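Shown here: upload.json, JSON, C-alpha atoms and all ligand atoms.
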```
[["chain", "number", "residue", "atom", "x", "y", "z"],
["A", 1, "MET", "CA", -21.02, -5.18, -20.16],
["A", 2, "ASN", "CA", -20.31, -1.93, -21.99],
["A", 3, "SER", "CA", -17.34, -0.23, -20.33],
["A", 4, "LYS", "CA", -18.16, 3.00, -22.19],
["A", 5, "VAL", "CA", -21.40, 3.52, -20.27],
["A", 6, "LYS", "CA", -21.03, 6.53, -17.97],
["A", 7, "THR", "CA", -22.65, 6.53, -14.51],
["A", 8, "SER", "CA", -24.95, 9.33, -15.64],
["A", 9, "ASP", "CA", -26.29, 7.11, -18.46],
["A", 10, "TYR", "CA", -27.49, 4.23, -16.27],
["A", 11, "GLY", "CA", -31.01, 5.61, -16.01],
["A", 12, "GLN", "CA", -31.34, 5.89, -19.80],
["A", 13, "GLY", "CA", -33.13, 3.27, -21.91],
["A", 14, "GLU", "CA", -31.78, -0.24, -21.40],
["A", 15, "ALA", "CA", -28.37, 0.90, -20.06],
["A", 16, "SER", "CA", -28.96, -0.45, -16.53],
["A", 17, "PHE", "CA", -30.61, -3.64, -17.76],
["A", 18, "SER", "CA", -27.60, -4.24, -19.95],
["A", 19, "ALA", "CA", -25.05, -3.32, -17.23],
["A", 20, "ALA", "CA", -26.80, -5.85, -14.95],
["A", 21, "GLY", "CA", -26.17, -8.59, -17.53],
["A", 22, "GLY", "CA", -29.71, -8.70, -18.91],
["A", 23, "PHE", "CA", -32.25, -11.22, -17.65],
["A", 24, "GLU", "CA", -29.63, -13.90, -16.87],
["A", 25, "GLY", "CA", -27.49, -11.43, -14.93],
["A", 26, "ILE", "CA", -30.47, -10.23, -12.91],
["A", 27, "LYS", "CA", -31.46, -13.84, -12.21],
["A", 28, "GLN", "CA", -27.98, -14.44, -10.75],
["A", 29, "LEU", "CA", -28.24, -11.25, -8.71],
["A", 30, "VAL", "CA", -31.60, -12.31, -7.25],
["A", 31, "ASP", "CA", -30.33, -15.82, -6.49],
["A", 32, "ALA", "CA", -27.38, -14.30, -4.61],
["A", 33, "PHE", "CA", -29.80, -11.92, -2.85],
["A", 34, "TYR", "CA", -32.03, -14.70, -1.51],
["A", 35, "ASP", "CA", -28.98, -16.85, -0.66],
["A", 36, "ALA", "CA", -27.73, -13.93, 1.47],
["A", 37, "MET", "CA", -31.17, -13.63, 3.07],
["A", 38, "GLU", "CA", -30.99, -17.32, 4.06],
["A", 39, "THR", "CA", -27.66, -16.84, 5.83],
["A", 40, "LEU", "CA", -27.37, -13.28, 7.17],
["A", 41, "PRO", "CA", -28.36, -13.27, 10.88],
["A", 42, "GLN", "CA", -29.96, -9.80, 10.74],
["A", 43, "ALA", "CA", -32.10, -10.96, 7.79],
["A", 44, "LYS", "CA", -33.69, -13.93, 9.60],
["A", 45, "HIS", "CA", -36.73, -11.84, 10.46],
["A", 46, "ILE", "CA", -37.41, -10.81, 6.85],
["A", 47, "ARG", "CA", -36.60, -14.32, 5.58],
["A", 48, "ASP", "CA", -39.33, -15.62, 7.89],
["A", 49, "MET", "CA", -41.85, -13.21, 6.32],
["A", 50, "HIS", "CA", -41.45, -15.13, 3.05],
["A", 51, "ASN", "CA", -42.84, -18.46, 1.99],
["A", 52, "PRO", "CA", -40.53, -21.35, 3.03],
["A", 53, "ASP", "CA", -40.11, -22.12, -0.67],
["A", 54, "LEU", "CA", -38.49, -19.08, -2.31],
["A", 55, "THR", "CA", -39.00, -20.22, -5.92],
["A", 56, "GLU", "CA", -41.83, -17.79, -6.61],
["A", 57, "SER", "CA", -40.13, -14.94, -4.70],
["A", 58, "ARG", "CA", -37.01, -15.41, -6.84],
["A", 59, "ASP", "CA", -39.09, -15.40, -10.02],
["A", 60, "LYS", "CA", -41.08, -12.32, -8.96],
["A", 61, "LEU", "CA", -38.08, -10.23, -7.96],
["A", 62, "THR", "CA", -36.12, -11.22, -11.08],
["A", 63, "ARG", "CA", -39.01, -10.23, -13.31],
["A", 64, "PHE", "CA", -39.69, -7.03, -11.38],
["A", 65, "LEU", "CA", -36.06, -5.86, -11.50],
["A", 66, "THR", "CA", -35.85, -6.67, -15.23],
["A", 67, "GLY", "CA", -38.56, -4.11, -15.97],
["A", 68, "TRP", "CA", -37.41, -1.69, -13.28],
["A", 69, "LEU", "CA", -33.92, -1.59, -14.85],
["A", 70, "GLY", "CA", -35.36, -0.76, -18.27],
["A", 71, "GLY", "CA", -35.72, -4.26, -19.71],
["A", 72, "PRO", "CA", -38.96, -6.03, -20.72],
["A", 73, "LYS", "CA", -41.90, -5.75, -18.31],
["A", 74, "LEU", "CA", -41.82, -9.43, -17.36],
["A", 75, "PHE", "CA", -43.45, -9.03, -13.94],
["A", 76, "SER", "CA", -46.72, -7.54, -15.19],
["A", 77, "GLU", "CA", -46.73, -9.96, -18.13],
["A", 78, "LYS", "CA", -47.00, -12.90, -15.73],
["A", 79, "TYR", "CA", -48.40, -11.49, -12.47],
["A", 80, "GLY", "CA", -50.24, -8.31, -13.46],
["A", 81, "PRO", "CA", -49.68, -4.73, -12.31],
["A", 82, "ILE", "CA", -47.72, -4.02, -9.13],
["A", 83, "ARG", "CA", -47.14, -1.05, -6.86],
["A", 84, "ILE", "CA", -44.30, -1.62, -4.42],
["A", 85, "PRO", "CA", -45.82, 0.09, -1.33],
["A", 86, "VAL", "CA", -49.12, -1.76, -1.85],
["A", 87, "ALA", "CA", -47.35, -5.10, -2.39],
["A", 88, "HIS", "CA", -45.75, -4.75, 1.07],
["A", 89, "ARG", "CA", -48.67, -3.21, 2.95],
["A", 90, "HIS", "CA", -49.51, -6.45, 4.79],
["A", 91, "LEU", "CA", -45.94, -6.76, 6.14],
["A", 92, "ASP", "CA", -44.37, -4.98, 9.13],
["A", 93, "ILE", "CA", -41.45, -3.15, 7.54],
["A", 94, "GLY", "CA", -39.54, -0.61, 9.62],
["A", 95, "PRO", "CA", -36.01, 0.78, 9.22],
["A", 96, "ALA", "CA", -34.42, -2.48, 10.50],
["A", 97, "GLU", "CA", -36.29, -4.61, 7.95],
["A", 98, "ARG", "CA", -35.50, -2.15, 5.16],
["A", 99, "ASP", "CA", -31.82, -2.12, 6.10],
["A", 100, "ALA", "CA", -31.68, -5.93, 6.34],
["A", 101, "TRP", "CA", -33.16, -6.15, 2.82],
["A", 102, "LEU", "CA", -30.58, -3.66, 1.54],
["A", 103, "ALA", "CA", -27.75, -5.52, 3.33],
["A", 104, "CYS", "CA", -28.69, -8.73, 1.47],
["A", 105, "MET", "CA", -28.79, -6.77, -1.76],
["A", 106, "GLN", "CA", -25.38, -5.20, -1.07],
["A", 107, "ILE", "CA", -23.84, -8.67, -0.64],
["A", 108, "ALA", "CA", -25.50, -9.85, -3.85],
["A", 109, "VAL", "CA", -24.45, -6.77, -5.84],
["A", 110, "ASN", "CA", -20.84, -7.07, -4.62],
["A", 111, "ALA", "CA", -20.75, -10.70, -5.81],
["A", 112, "GLN", "CA", -21.70, -9.78, -9.39],
["A", 113, "PRO", "CA", -19.15, -8.96, -12.11],
["A", 114, "TYR", "CA", -20.36, -5.36, -12.28],
["A", 115, "GLN", "CA", -18.38, -2.17, -12.62],
["A", 116, "GLN", "CA", -18.07, -0.45, -9.23],
["A", 117, "ASP", "CA", -19.93, 2.65, -10.42],
["A", 118, "PHE", "CA", -22.88, 0.46, -11.44],
["A", 119, "ARG", "CA", -22.87, -1.26, -8.01],
["A", 120, "ASP", "CA", -23.00, 2.17, -6.35],
["A", 121, "TYR", "CA", -25.70, 3.40, -8.73],
["A", 122, "LEU", "CA", -27.84, 0.31, -8.18],
["A", 123, "MET", "CA", -27.67, 0.49, -4.38],
["A", 124, "THR", "CA", -28.56, 4.20, -4.43],
["A", 125, "GLN", "CA", -31.53, 3.52, -6.70],
["A", 126, "LEU", "CA", -32.73, 0.50, -4.70],
["A", 127, "TYR", "CA", -32.90, 2.59, -1.55],
["A", 128, "VAL", "CA", -35.92, 4.36, -3.07],
["A", 129, "PRO", "CA", -38.31, 1.35, -3.39],
["A", 130, "ALA", "CA", -36.89, -0.08, -0.12],
["A", 131, "GLU", "CA", -37.84, 3.12, 1.68],
["A", 132, "ARG", "CA", -41.23, 3.12, -0.07],
["A", 133, "SER", "CA", -41.83, -0.43, 1.23],
["A", 134, "ARG", "CA", -41.34, 0.80, 4.80],
["A", 135, "ASN", "CA", -44.66, 1.28, 6.56],
["A", 136, "LYS", "CA", -43.65, 1.88, 10.19],
["A", 137, "ASP", "CA", -41.02, 3.81, 12.14],
["A", 201, "LIG", "C1", -37.70, -3.01, 2.44],
["A", 201, "LIG", "C2", -37.61, -4.29, 2.75],
["A", 201, "LIG", "C3", -38.41, -5.36, 2.06],
["A", 201, "LIG", "C4", -38.93, -6.45, 2.67],
["A", 201, "LIG", "C5", -38.81, -6.81, 4.14],
["A", 201, "LIG", "C6", -39.64, -7.21, 1.66],
["A", 201, "LIG", "C7", -40.31, -8.39, 1.88],
["A", 201, "LIG", "C8", -41.12, -9.01, 0.97],
["A", 201, "LIG", "C9", -41.91, -10.19, 1.22],
["A", 201, "LIG", "C10", -41.95, -10.94, 2.56],
["A", 201, "LIG", "C11", -42.59, -10.49, 0.11],
["A", 201, "LIG", "C12", -43.53, -11.67, -0.11],
["A", 201, "LIG", "C13", -44.92, -11.19, 0.21],
["A", 201, "LIG", "C14", -45.91, -12.31, 0.31],
["A", 201, "LIG", "O1", -45.60, -13.43, -0.11],
["A", 201, "LIG", "O2", -46.99, -12.07, 0.82],
["A", 201, "LIG", "C15", -42.24, -9.49, -0.89],
["A", 201, "LIG", "C16", -42.75, -9.43, -2.15],
["A", 201, "LIG", "C17", -42.21, -8.67, -3.15],
["A", 201, "LIG", "N1", -41.22, -7.74, -3.02],
["A", 201, "LIG", "FE1", -40.39, -7.16, -1.30],
["A", 201, "LIG", "N2", -39.51, -6.58, 0.46],
["A", 201, "LIG", "C18", -38.76, -5.44, 0.65],
["A", 201, "LIG", "C19", -38.37, -4.56, -0.33],
["A", 201, "LIG", "C20", -38.57, -4.75, -1.68],
["A", 201, "LIG", "C21", -37.99, -3.93, -2.71],
["A", 201, "LIG", "C22", -37.07, -2.74, -2.47],
["A", 201, "LIG", "C23", -38.43, -4.43, -3.91],
["A", 201, "LIG", "C24", -38.13, -3.99, -5.31],
["A", 201, "LIG", "C25", -37.04, -3.33, -5.66],
["A", 201, "LIG", "C26", -39.30, -5.56, -3.61],
["A", 201, "LIG", "C27", -39.95, -6.32, -4.54],
["A", 201, "LIG", "C28", -40.91, -7.24, -4.25],
["A", 201, "LIG", "C29", -41.77, -7.88, -5.24],
["A", 201, "LIG", "C30", -41.76, -7.61, -6.74],
["A", 201, "LIG", "C31", -42.59, -8.76, -4.55],
["A", 201, "LIG", "C32", -43.70, -9.64, -5.13],
["A", 201, "LIG", "C33", -45.02, -8.95, -4.86],
["A", 201, "LIG", "C34", -46.22, -9.76, -5.28],
["A", 201, "LIG", "O3", -46.35, -10.89, -4.83],
["A", 201, "LIG", "O4", -47.04, -9.27, -6.05],
["A", 201, "LIG", "N3", -39.34, -5.72, -2.25],
["A", 201, "LIG", "N4", -41.35, -8.61, -0.33]]
```
Written as structure tokens, how would this file's structure read?
Amino acid sequence: MNSKVKTSDYGQGEASFSAAGGFEGIKQLVDAFYDAMETLPQAKHIRDMHNPDLTESRDKLTRFLTGWLGGPKLFSEKYGPIRIPVAHRHLDIGPAERDAWLACMQIAVNAQPYQQDFRDYLMTQLYVPAERSRNKD
């Protein structure tokens, strides 16, 4: 982790990918995210939308976030192109589902050895695709 990175630089190049600990760091984040989804009562509903076996979900989200944070485009390499709203179109996602997803992510982000300004940056940025996944009021 580069302590010299300023909050305003996180969107530049690989700064966020690097602040997240690269691929291994993002893998840990996603593992913590799905672990939170398995245990958080308000996330039961969104957990049940997923396959019982989360192996592929973990792989997909890890690869997606790697590219989204400025690292290599590992999702499209393995699974092809993706658009977040389209990928969630078949699911019923309202504000409660969006907020449950973000609550799991907040727990996961807090558990990582990140600088606090990167945690804040990440949660602010993740709100955007979470809101774009919402398809009902
Ligand atoms: C807003 C609340 C969200 C809910 C309830 C949700 C739920 C789900 C579920 C249930 C799947 C599996 C779909 C299936 O197997 O048919 C999925 C797939 C996926 N989600 Fe989400 N998701 C949310 C937000 C997000 C966000 C914010 C991101 C990215 C930052 C994301 C990234 C992905 C990716 C990459 C996949 C794999 C898509 C594919 O199979 O091609 N999701 N999501």
Subject >> Top pick for closest residue to Gly11 (chain A), considering A:Ala96, A:Gly70, A:Tyr114, A:Ile46 and counting only C-alpha atoms >> reply: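 Of all the options, A:Gly70 lies closest to Gly11 (chain A).
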**OP:** Return the single residue from A:Pro129, A:Pro52, A:Gly67, A:Pro95 that is closest to ligand LIG 201 (chain A), with distances computed using all atoms listed in the file.
**Re:** A:Pro129
Subject >> Proximity to Ala19 (chain A) - best of A:Arg83, A:Val5, A:Glu77, A:Met105, only C-alpha atoms >> reply: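 Of A:Arg83, A:Val5, A:Glu77, A:Met105, the one nearest Ala19 (chain A), counting only C-alpha atoms, is A:Val5.
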**OP:** Give the residue list for ligand LIG 201 (chain A) at 9 Å, counting only C-alpha atoms and all ligand atoms, as a VMD selection string, sorted by chain and then by residue number.
**Re:** chain A and resid 43 45 to 51 56 to 65 68 75 79 to 88 90 to 102 125 to 134
Write to file, as a CSV table (one decimal), keeping the file's coordinate frame, the residues of the selection just made, with C-alpha atoms.
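Heads up, here's the output in out_25.csv:
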```
chain,number,residue,atom,x,y,z
A,43,ALA,CA,-32.1,-11.0,7.8
A,45,HIS,CA,-36.7,-11.8,10.5
A,46,ILE,CA,-37.4,-10.8,6.8
A,47,ARG,CA,-36.6,-14.3,5.6
A,48,ASP,CA,-39.3,-15.6,7.9
A,49,MET,CA,-41.8,-13.2,6.3
A,50,HIS,CA,-41.4,-15.1,3.0
A,51,ASN,CA,-42.8,-18.5,2.0
A,56,GLU,CA,-41.8,-17.8,-6.6
A,57,SER,CA,-40.1,-14.9,-4.7
A,58,ARG,CA,-37.0,-15.4,-6.8
A,59,ASP,CA,-39.1,-15.4,-10.0
A,60,LYS,CA,-41.1,-12.3,-9.0
A,61,LEU,CA,-38.1,-10.2,-8.0
A,62,THR,CA,-36.1,-11.2,-11.1
A,63,ARG,CA,-39.0,-10.2,-13.3
A,64,PHE,CA,-39.7,-7.0,-11.4
A,65,LEU,CA,-36.1,-5.9,-11.5
A,68,TRP,CA,-37.4,-1.7,-13.3
A,75,PHE,CA,-43.4,-9.0,-13.9
A,79,TYR,CA,-48.4,-11.5,-12.5
A,80,GLY,CA,-50.2,-8.3,-13.5
A,81,PRO,CA,-49.7,-4.7,-12.3
A,82,ILE,CA,-47.7,-4.0,-9.1
A,83,ARG,CA,-47.1,-1.0,-6.9
A,84,ILE,CA,-44.3,-1.6,-4.4
A,85,PRO,CA,-45.8,0.1,-1.3
A,86,VAL,CA,-49.1,-1.8,-1.8
A,87,ALA,CA,-47.4,-5.1,-2.4
A,88,HIS,CA,-45.8,-4.8,1.1
A,90,HIS,CA,-49.5,-6.4,4.8
A,91,LEU,CA,-45.9,-6.8,6.1
A,92,ASP,CA,-44.4,-5.0,9.1
A,93,ILE,CA,-41.4,-3.2,7.5
A,94,GLY,CA,-39.5,-0.6,9.6
A,95,PRO,CA,-36.0,0.8,9.2
A,96,ALA,CA,-34.4,-2.5,10.5
A,97,GLU,CA,-36.3,-4.6,8.0
A,98,ARG,CA,-35.5,-2.2,5.2
A,99,ASP,CA,-31.8,-2.1,6.1
A,100,ALA,CA,-31.7,-5.9,6.3
A,101,TRP,CA,-33.2,-6.2,2.8
A,102,LEU,CA,-30.6,-3.7,1.5
A,125,GLN,CA,-31.5,3.5,-6.7
A,126,LEU,CA,-32.7,0.5,-4.7
A,127,TYR,CA,-32.9,2.6,-1.6
A,128,VAL,CA,-35.9,4.4,-3.1
A,129,PRO,CA,-38.3,1.4,-3.4
A,130,ALA,CA,-36.9,-0.1,-0.1
A,131,GLU,CA,-37.8,3.1,1.7
A,132,ARG,CA,-41.2,3.1,-0.1
A,133,SER,CA,-41.8,-0.4,1.2
A,134,ARG,CA,-41.3,0.8,4.8
```
Subject >> Straight-line distance linking CA of Ser16 (chain A) with CA of Thr124 (chain A), stated in Å to one decimal >> reply: 13.0 Å
Work out where the centre of an axis-aligned box around every listed atom of region 39-58 of chain A lies and how long its edges are once 3 Å is added on each side; give both in Å to one decimal as lines of an AutoDock Vina configuration file.
```
center_x = -35.1
center_y = -16.0
center_z = 2.0
size_x = 21.5
size_y = 18.3
size_z = 23.7
```
Original post:
What does the distance from CA of Thr39 (chain A) to CA of Lys27 (chain A) come to in Å, to one decimal?
Top reply: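 Taking CA of Thr39 (chain A) as the start and CA of Lys27 (chain A) as the end point, the length is 18.7 Å.
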Original post:
For the atom pair CA of Tyr10 (chain A) and CA of Leu69 (chain A), what is the interatomic distance in Å to one decimal place?
Top reply: 8.8 Å
Subject >> Residue among A:Gln28, A:Asn110, A:Tyr121, A:Cys104 lying closest to Thr66 (chain A), counting only C-alpha atoms >> reply: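 Of A:Gln28, A:Asn110, A:Tyr121, A:Cys104, the one nearest Thr66 (chain A), counting only C-alpha atoms, is A:Gln28.
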**OP:** Find, counting only C-alpha atoms, the residue in A:Lys136, A:Ala103, A:Arg89, A:Leu74 that gets nearest to Pro41 (chain A).
**Re:**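 Among the listed residues, the smallest separation from Pro41 (chain A) belongs to A:Ala103.
Closest approach to Asp35 (chain A) from the set A:Ile107, A:Pro72, A:Gln112, A:Asp137 is made by A:Ile107, with distances taken over only C-alpha atoms.
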Subject >> Point (-30.1, -7.3, -6.8) neighbourhood (7 Å, only C-alpha atoms) written as a PyMOL selection string >> reply: chain A and resi 26+29-30+33+105+108-109
